[in-house]
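Below is upload_21.pdb, holding PDB, C-alpha atoms, pLDDT in the B column.
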MODEL        1
ATOM      1  CA  MET A 409     106.089  91.980 145.799  1.00 83.00           C
ATOM      2  CA  LYS A 410     107.027  94.181 142.813  1.00 84.00           C
ATOM      3  CA  LEU A 411     105.284  96.284 140.196  1.00 82.00           C
ATOM      4  CA  CYS A 412     104.624  95.050 136.659  1.00 78.00           C
ATOM      5  CA  PRO A 413     106.609  97.266 134.241  1.00 73.00           C
ATOM      6  CA  PHE A 414     103.699  97.228 131.769  1.00 69.00           C
ATOM      7  CA  CYS A 415     100.540  97.848 133.824  1.00 70.00           C
ATOM      8  CA  ARG A 416     102.083  98.930 137.168  1.00 73.00           C
ATOM      9  CA  GLU A 417      99.991  96.413 139.142  1.00 81.00           C
ATOM     10  CA  GLU A 418     101.513  94.592 142.106  1.00 86.00           C
ATOM     11  CA  ILE A 419     102.762  91.073 141.331  1.00 87.00           C
ATOM     12  CA  GLN A 420     104.899  88.456 143.062  1.00 86.00           C
ATOM     13  CA  ASP A 421     108.682  88.666 142.831  1.00 83.00           C
ATOM     14  CA  GLU A 422     108.928  85.228 141.161  1.00 83.00           C
ATOM     15  CA  ALA A 423     106.260  85.959 138.531  1.00 83.00           C
ATOM     16  CA  VAL A 424     107.159  85.220 134.909  1.00 81.00           C
ATOM     17  CA  LYS A 425     103.884  86.584 133.535  1.00 81.00           C
ATOM     18  CA  CYS A 426     101.697  89.375 134.918  1.00 82.00           C
ATOM     19  CA  ARG A 427      98.307  88.093 136.048  1.00 80.00           C
ATOM     20  CA  TRP A 428      96.700  91.470 135.321  1.00 76.00           C
ATOM     21  CA  CYS A 429      97.897  92.347 131.800  1.00 73.00           C
ATOM     22  CA  ALA A 430      99.233  88.878 130.746  1.00 73.00           C
ATOM     23  CA  GLU A 431     102.574  90.339 129.575  1.00 73.00           C
ATOM     24  CA  ARG A 432     105.681  88.180 129.919  1.00 73.00           C
ATOM     25  CA  LEU A 433     108.138  89.652 132.393  1.00 72.00           C
ATOM     26  CA  ASP A 434     111.344  87.983 131.239  1.00 67.00           C
ATOM     27  CA  ASN A 435     113.451  90.569 129.381  1.00 55.00           C
ATOM     28  CA  ALA A 436     110.901  93.300 130.158  1.00 50.00           C
ATOM     29  CA  ASP A 437     113.625  95.875 130.692  1.00 52.00           C
ATOM     30  CA  ASP A 438     115.726  94.717 127.721  1.00 57.00           C
ATOM     31  CA  PRO A 439     115.750  97.357 124.945  1.00 55.00           C
ATOM     32  CA  ASP A 440     117.082  94.769 122.474  1.00 64.00           C
ATOM     33  CA  LYS A 441     113.981  92.622 122.920  1.00 74.00           C
ATOM     34  CA  GLU A 442     112.449  91.678 119.592  1.00 80.00           C
ATOM     35  CA  VAL A 443     108.978  93.180 119.126  1.00 83.00           C
ATOM     36  CA  LEU A 444     106.511  92.132 116.429  1.00 86.00           C
ATOM     37  CA  LEU A 445     105.522  95.143 114.308  1.00 87.00           C
ATOM     38  CA  LEU A 446     103.519  93.544 111.497  1.00 90.00           C
ATOM     39  CA  GLU A 447     102.358  90.041 110.574  1.00 91.00           C
ATOM     40  CA  ASP A 448     100.193  89.012 107.627  1.00 92.00           C
ATOM     41  CA  HIS A 449      99.367  86.396 105.000  1.00 92.00           C
ATOM     42  CA  PRO A 450      98.931  87.010 101.269  1.00 94.00           C
ATOM     43  CA  SER A 451      95.725  88.731 100.209  1.00 92.00           C
ATOM     44  CA  TRP A 452      92.891  86.525  98.966  1.00 91.00           C
ATOM     45  CA  MET A 453      92.935  88.626  95.795  1.00 91.00           C
ATOM     46  CA  PHE A 454      96.469  87.330  95.121  1.00 91.00           C
ATOM     47  CA  TYR A 455      94.763  83.998  94.316  1.00 92.00           C
ATOM     48  CA  TYR A 456      92.107  85.347  91.937  1.00 89.00           C
ATOM     49  CA  LYS A 457      93.537  83.276  89.047  1.00 90.00           C
ATOM     50  CA  HIS A 458      93.200  80.106  91.121  1.00 90.00           C
ATOM     51  CA  PHE A 459      89.569  80.891  91.854  1.00 88.00           C
ATOM     52  CA  LEU A 460      88.800  81.610  88.196  1.00 89.00           C
ATOM     53  CA  VAL A 461      90.494  78.394  87.025  1.00 90.00           C
ATOM     54  CA  GLY A 462      88.735  76.492  89.815  1.00 89.00           C
ATOM     55  CA  ALA A 463      85.368  77.861  88.727  1.00 88.00           C
ATOM     56  CA  VAL A 464      85.975  76.816  85.110  1.00 89.00           C
ATOM     57  CA  LEU A 465      87.148  73.351  86.185  1.00 87.00           C
ATOM     58  CA  CYS A 466      84.087  72.972  88.423  1.00 83.00           C
ATOM     59  CA  VAL A 467      81.801  73.661  85.511  1.00 78.00           C
ATOM     60  CA  VAL A 468      83.689  71.554  82.977  1.00 80.00           C
ATOM     61  CA  PHE A 469      85.162  68.650  84.960  1.00 80.00           C
ATOM     62  CA  GLY A 470      83.873  69.008  88.515  1.00 75.00           C
ATOM     63  CA  ILE A 471      87.394  69.101  90.018  1.00 83.00           C
ATOM     64  CA  GLY A 472      87.773  72.845  90.564  1.00 84.00           C
ATOM     65  CA  LEU A 473      87.396  72.405  94.311  1.00 87.00           C
ATOM     66  CA  LEU A 474      90.926  70.959  94.391  1.00 88.00           C
ATOM     67  CA  VAL A 475      92.315  74.193  92.960  1.00 88.00           C
ATOM     68  CA  TRP A 476      90.453  76.201  95.601  1.00 89.00           C
ATOM     69  CA  ILE A 477      91.763  73.927  98.364  1.00 91.00           C
ATOM     70  CA  TYR A 478      95.307  74.350  97.052  1.00 91.00           C
ATOM     71  CA  ALA A 479      94.918  78.158  97.098  1.00 92.00           C
ATOM     72  CA  ALA A 480      93.616  78.108 100.679  1.00 93.00           C
ATOM     73  CA  LEU A 481      96.443  75.815 101.852  1.00 94.00           C
ATOM     74  CA  ASP A 482      99.066  77.909 100.066  1.00 94.00           C
ATOM     75  CA  ARG A 483      97.762  81.097 101.670  1.00 94.00           C
ATOM     76  CA  ALA A 484      97.698  79.486 105.128  1.00 94.00           C
ATOM     77  CA  GLY A 485     101.255  78.233 104.611  1.00 94.00           C
ATOM     78  CA  ARG A 486     102.677  81.710 103.923  1.00 94.00           C
ATOM     79  CA  LYS A 487     103.408  84.041 106.817  1.00 95.00           C
ATOM     80  CA  TYR A 488     105.201  87.375 106.649  1.00 95.00           C
ATOM     81  CA  ARG A 489     106.559  88.984 109.830  1.00 93.00           C
ATOM     82  CA  ILE A 490     108.320  92.249 110.470  1.00 92.00           C
ATOM     83  CA  THR A 491     109.875  92.790 113.880  1.00 90.00           C
ATOM     84  CA  ASN A 492     112.003  95.633 115.122  1.00 87.00           C
ATOM     85  CA  GLN A 493     115.103  93.633 114.069  1.00 88.00           C
ATOM     86  CA  ARG A 494     114.296  91.404 111.079  1.00 90.00           C
ATOM     87  CA  VAL A 495     111.928  90.491 108.256  1.00 92.00           C
ATOM     88  CA  THR A 496     110.878  86.826 108.155  1.00 93.00           C
ATOM     89  CA  VAL A 497     109.173  85.059 105.246  1.00 93.00           C
ATOM     90  CA  LYS A 498     107.824  81.538 105.849  1.00 94.00           C
ATOM     91  CA  LYS A 499     106.172  79.574 103.082  1.00 93.00           C
ATOM     92  CA  GLY A 500     105.262  76.027 102.151  1.00 92.00           C
ATOM     93  CA  ILE A 501     102.405  73.590 102.436  1.00 91.00           C
ATOM     94  CA  PHE A 502     104.138  70.293 103.202  1.00 90.00           C
ATOM     95  CA  SER A 503     107.757  71.378 103.446  1.00 92.00           C
ATOM     96  CA  LYS A 504     108.624  74.776 104.900  1.00 91.00           C
ATOM     97  CA  GLU A 505     111.069  77.397 103.686  1.00 92.00           C
ATOM     98  CA  THR A 506     112.032  80.244 106.001  1.00 91.00           C
ATOM     99  CA  SER A 507     114.142  83.231 105.055  1.00 89.00           C
ATOM    100  CA  GLU A 508     115.181  86.056 107.336  1.00 89.00           C
ATOM    101  CA  VAL A 509     116.868  89.342 106.569  1.00 89.00           C
ATOM    102  CA  SER A 510     118.023  91.796 109.185  1.00 89.00           C
ATOM    103  CA  ILE A 511     116.382  95.192 108.686  1.00 89.00           C
ATOM    104  CA  ILE A 512     119.719  96.921 109.094  1.00 87.00           C
ATOM    105  CA  ASP A 513     121.103  94.883 106.142  1.00 86.00           C
ATOM    106  CA  LEU A 514     118.318  95.841 103.712  1.00 88.00           C
ATOM    107  CA  LYS A 515     119.626  98.375 101.204  1.00 86.00           C
ATOM    108  CA  ASN A 516     116.609  98.734  98.939  1.00 87.00           C
ATOM    109  CA  VAL A 517     112.939  97.862  99.239  1.00 90.00           C
ATOM    110  CA  LEU A 518     110.516  98.122  96.336  1.00 92.00           C
ATOM    111  CA  ILE A 519     106.886  97.347  95.586  1.00 95.00           C
ATOM    112  CA  ARG A 520     105.797  95.466  92.454  1.00 95.00           C
ATOM    113  CA  GLN A 521     102.111  95.483  91.479  1.00 95.00           C
ATOM    114  CA  SER A 522     100.317  94.138  88.436  1.00 93.00           C
ATOM    115  CA  LEU A 523      97.234  95.865  87.021  1.00 94.00           C
ATOM    116  CA  ALA A 524      94.996  93.598  89.108  1.00 91.00           C
ATOM    117  CA  GLY A 525      97.209  94.336  92.110  1.00 93.00           C
ATOM    118  CA  ARG A 526      96.784  98.069  91.632  1.00 94.00           C
ATOM    119  CA  ILE A 527      93.009  97.683  91.311  1.00 93.00           C
ATOM    120  CA  PHE A 528      92.626  95.431  94.382  1.00 93.00           C
ATOM    121  CA  ASN A 529      95.552  96.951  96.357  1.00 93.00           C
ATOM    122  CA  TYR A 530      97.844  93.947  96.699  1.00 95.00           C
ATOM    123  CA  GLY A 531     101.383  93.386  95.517  1.00 95.00           C
ATOM    124  CA  ASP A 532     104.887  92.135  96.218  1.00 95.00           C
ATOM    125  CA  VAL A 533     107.415  93.779  98.523  1.00 94.00           C
ATOM    126  CA  ILE A 534     110.960  92.992  97.414  1.00 92.00           C
ATOM    127  CA  GLY A 535     114.100  93.773  99.372  1.00 89.00           C
ATOM    128  CA  GLY A 536     117.766  93.338  98.592  1.00 86.00           C
ATOM    129  CA  THR A 537     121.032  93.616 100.443  1.00 82.00           C
ATOM    130  CA  ALA A 538     124.397  94.885  99.307  1.00 75.00           C
ATOM    131  CA  GLY A 539     125.976  91.450  99.668  1.00 69.00           C
ATOM    132  CA  THR A 540     124.129  89.765  96.800  1.00 63.00           C
ATOM    133  CA  ALA A 541     123.130  90.575  93.260  1.00 60.00           C
ATOM    134  CA  GLY A 542     119.587  89.183  93.670  1.00 61.00           C
ATOM    135  CA  ASN A 543     116.732  89.884  96.013  1.00 62.00           C
ATOM    136  CA  GLU A 544     116.943  88.386  99.477  1.00 77.00           C
ATOM    137  CA  MET A 545     113.402  89.101 100.638  1.00 85.00           C
ATOM    138  CA  MET A 546     110.190  88.513  98.693  1.00 90.00           C
ATOM    139  CA  ILE A 547     106.834  89.159 100.346  1.00 92.00           C
ATOM    140  CA  GLU A 548     104.328  88.021  97.723  1.00 93.00           C
ATOM    141  CA  GLY A 549     100.737  89.126  97.243  1.00 93.00           C
ATOM    142  CA  VAL A 550     100.301  91.054 100.463  1.00 94.00           C
ATOM    143  CA  HIS A 551      97.345  93.422 100.967  1.00 94.00           C
ATOM    144  CA  LYS A 552      98.452  97.081 101.139  1.00 94.00           C
ATOM    145  CA  PRO A 553     102.131  96.519 100.281  1.00 95.00           C
ATOM    146  CA  SER A 554     102.951 100.143 101.106  1.00 94.00           C
ATOM    147  CA  ARG A 555     102.154  99.318 104.746  1.00 93.00           C
ATOM    148  CA  PHE A 556     104.985  96.751 104.753  1.00 93.00           C
ATOM    149  CA  MET A 557     107.387  99.080 102.963  1.00 93.00           C
ATOM    150  CA  ASP A 558     106.614 101.961 105.350  1.00 92.00           C
ATOM    151  CA  THR A 559     107.059  99.729 108.419  1.00 92.00           C
ATOM    152  CA  ILE A 560     110.460  98.560 107.169  1.00 91.00           C
ATOM    153  CA  ALA A 561     111.548 102.115 106.308  1.00 90.00           C
ATOM    154  CA  LYS A 562     110.443 103.465 109.675  1.00 90.00           C
ATOM    155  CA  GLN A 563     112.264 100.720 111.570  1.00 89.00           C
ATOM    156  CA  LYS A 564     115.367 101.140 109.415  1.00 86.00           C
ATOM    157  CA  SER A 565     115.478 104.847 110.301  1.00 85.00           C
ATOM    158  CA  VAL A 566     115.212 103.967 113.998  1.00 82.00           C
ATOM    159  CA  LEU A 567     118.102 101.507 113.756  1.00 77.00           C
ATOM    160  CA  THR A 568     120.477 103.778 111.836  1.00 71.00           C
TER     161      THR A 568
ENDMDL
END
Please express what this file holds, its structure, as structure tokens.
Amino acid sequence: MKLCPFCREEIQDEAVKCRWCAERLDNADDPDKEVLLLEDHPSWMFYYKHFLVGAVLCVVFGIGLLVWIYAALDRAGRKYRITNQRVTVKKGIFSKETSEVSIIDLKNVLIRQSLAGRIFNYGDVIGGTAGTAGNEMMIEGVHKPSRFMDTIAKQKSVLT
């Protein structure tokens, strides 16, 4: 018998997962273990144009529901993750595109908001590295973009 490093309850020596706190025990003592800090999808307000166009098309042609379905599928297909080591952007409805940037490699991070984004508190978080002229990371339409920027900055200061 041994103690769980998370909840300090007694568990079997062969246990892979604690039966008390449900934490996985493999790599529990590893400081390089990747930990999820923030995960989100785009804000619903990012799709306000889709909903307006859909409403007009519903009234005029009766096909606006298709635009609303597209917006819902697009939002579900986008996932933004920040861990203690990297930023991951996954997007796509039928085909998937995944891009990852190590937090230590990010040289600049900025927030871009339109007028509607400033009113409804959503925007884009854009990050670039020194190795390229363009932007390597684009988190589009996320609610409270300063939360993402602050999480990246805090983790970057921990790593350097």
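Atom pair atom CA of A:Glu548 / atom CA of A:Thr506 has a distance of 13.7 Å (rounded to one decimal).
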Write out as an NGL selection string which residues come within 10 Å of stretch 452-455 of chain A when counting all atoms listed in the file, dropping same-chain ones fewer than 2 positions away. :A and (449-450 or 457-460 or 476 or 479-480 or 482-483 or 524-525 or 528-532 or 548-551)
Could you take the residues named above and write them with C-alpha atoms, as a JSON list (two decimals), keeping the file's coordinate frame?
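Saved as out_24.json:
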[["chain", "number", "residue", "atom", "x", "y", "z"],
["A", 449, "HIS", "CA", 99.37, 86.40, 105.00],
["A", 450, "PRO", "CA", 98.93, 87.01, 101.27],
["A", 457, "LYS", "CA", 93.54, 83.28, 89.05],
["A", 458, "HIS", "CA", 93.20, 80.11, 91.12],
["A", 459, "PHE", "CA", 89.57, 80.89, 91.85],
["A", 460, "LEU", "CA", 88.80, 81.61, 88.20],
["A", 476, "TRP", "CA", 90.45, 76.20, 95.60],
["A", 479, "ALA", "CA", 94.92, 78.16, 97.10],
["A", 480, "ALA", "CA", 93.62, 78.11, 100.68],
["A", 482, "ASP", "CA", 99.07, 77.91, 100.07],
["A", 483, "ARG", "CA", 97.76, 81.10, 101.67],
["A", 524, "ALA", "CA", 95.00, 93.60, 89.11],
["A", 525, "GLY", "CA", 97.21, 94.34, 92.11],
["A", 528, "PHE", "CA", 92.63, 95.43, 94.38],
["A", 529, "ASN", "CA", 95.55, 96.95, 96.36],
["A", 530, "TYR", "CA", 97.84, 93.95, 96.70],
["A", 531, "GLY", "CA", 101.38, 93.39, 95.52],
["A", 532, "ASP", "CA", 104.89, 92.14, 96.22],
["A", 548, "GLU", "CA", 104.33, 88.02, 97.72],
["A", 549, "GLY", "CA", 100.74, 89.13, 97.24],
["A", 550, "VAL", "CA", 100.30, 91.05, 100.46],
["A", 551, "HIS", "CA", 97.34, 93.42, 100.97]]
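Counting all atoms listed in the file and comparing A:Gly472, A:Gly485, A:Pro413, A:Gly535, the residue that lies closest to A:Leu518 is A:Gly535.
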Using only C-alpha atoms, which of the listed residues (A:Ile419, A:Met546, A:Cys466, A:Ile512) sits closest to A:Lys498? A:Met546
Atom CA of A:Tyr456 to atom CA of A:Arg520: how many Å, to one decimal? 17.0 Å
Could I see stretch 507-522 of chain A restored to N, CA and C atoms, set down as a short mmCIF file (atom, residue, chain, number, x, y, z; two decimals), in the frame of the given file?
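Wrote it out as out04.cif, contents follow:
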data_model
loop_
_atom_site.label_atom_id
_atom_site.label_comp_id
_atom_site.auth_asym_id
_atom_site.auth_seq_id
_atom_site.Cartn_x
_atom_site.Cartn_y
_atom_site.Cartn_z
N SER A 507 113.02 82.34 105.33
CA SER A 507 114.14 83.23 105.06
C SER A 507 114.01 84.46 105.94
N GLU A 508 115.15 84.89 106.46
CA GLU A 508 115.18 86.06 107.34
C GLU A 508 116.24 87.02 106.84
N VAL A 509 115.92 88.29 106.91
CA VAL A 509 116.87 89.34 106.57
C VAL A 509 116.81 90.38 107.68
N SER A 510 117.96 90.75 108.18
CA SER A 510 118.02 91.80 109.18
C SER A 510 117.63 93.13 108.55
N ILE A 511 116.83 93.91 109.23
CA ILE A 511 116.38 95.19 108.69
C ILE A 511 117.56 96.11 108.42
N ILE A 512 118.56 96.05 109.26
CA ILE A 512 119.72 96.92 109.09
C ILE A 512 120.49 96.57 107.82
N ASP A 513 120.38 95.32 107.35
CA ASP A 513 121.10 94.88 106.14
C ASP A 513 120.36 95.22 104.85
N LEU A 514 119.08 95.53 104.92
CA LEU A 514 118.32 95.84 103.71
C LEU A 514 118.79 97.17 103.13
N LYS A 515 119.16 97.15 101.86
CA LYS A 515 119.63 98.38 101.20
C LYS A 515 118.54 99.00 100.35
N ASN A 516 117.71 98.19 99.73
CA ASN A 516 116.61 98.73 98.94
C ASN A 516 115.37 97.87 99.12
N VAL A 517 114.23 98.53 99.13
CA VAL A 517 112.94 97.86 99.24
C VAL A 517 112.04 98.47 98.17
N LEU A 518 111.40 97.61 97.38
CA LEU A 518 110.52 98.12 96.34
C LEU A 518 109.21 97.34 96.31
N ILE A 519 108.21 97.96 95.72
CA ILE A 519 106.89 97.35 95.59
C ILE A 519 106.64 97.06 94.11
N ARG A 520 106.17 95.84 93.82
CA ARG A 520 105.80 95.47 92.45
C ARG A 520 104.33 95.08 92.45
N GLN A 521 103.54 95.76 91.58
CA GLN A 521 102.11 95.48 91.48
C GLN A 521 101.72 95.31 90.02
N SER A 522 100.90 94.30 89.76
CA SER A 522 100.32 94.14 88.44
C SER A 522 99.11 95.06 88.33
#
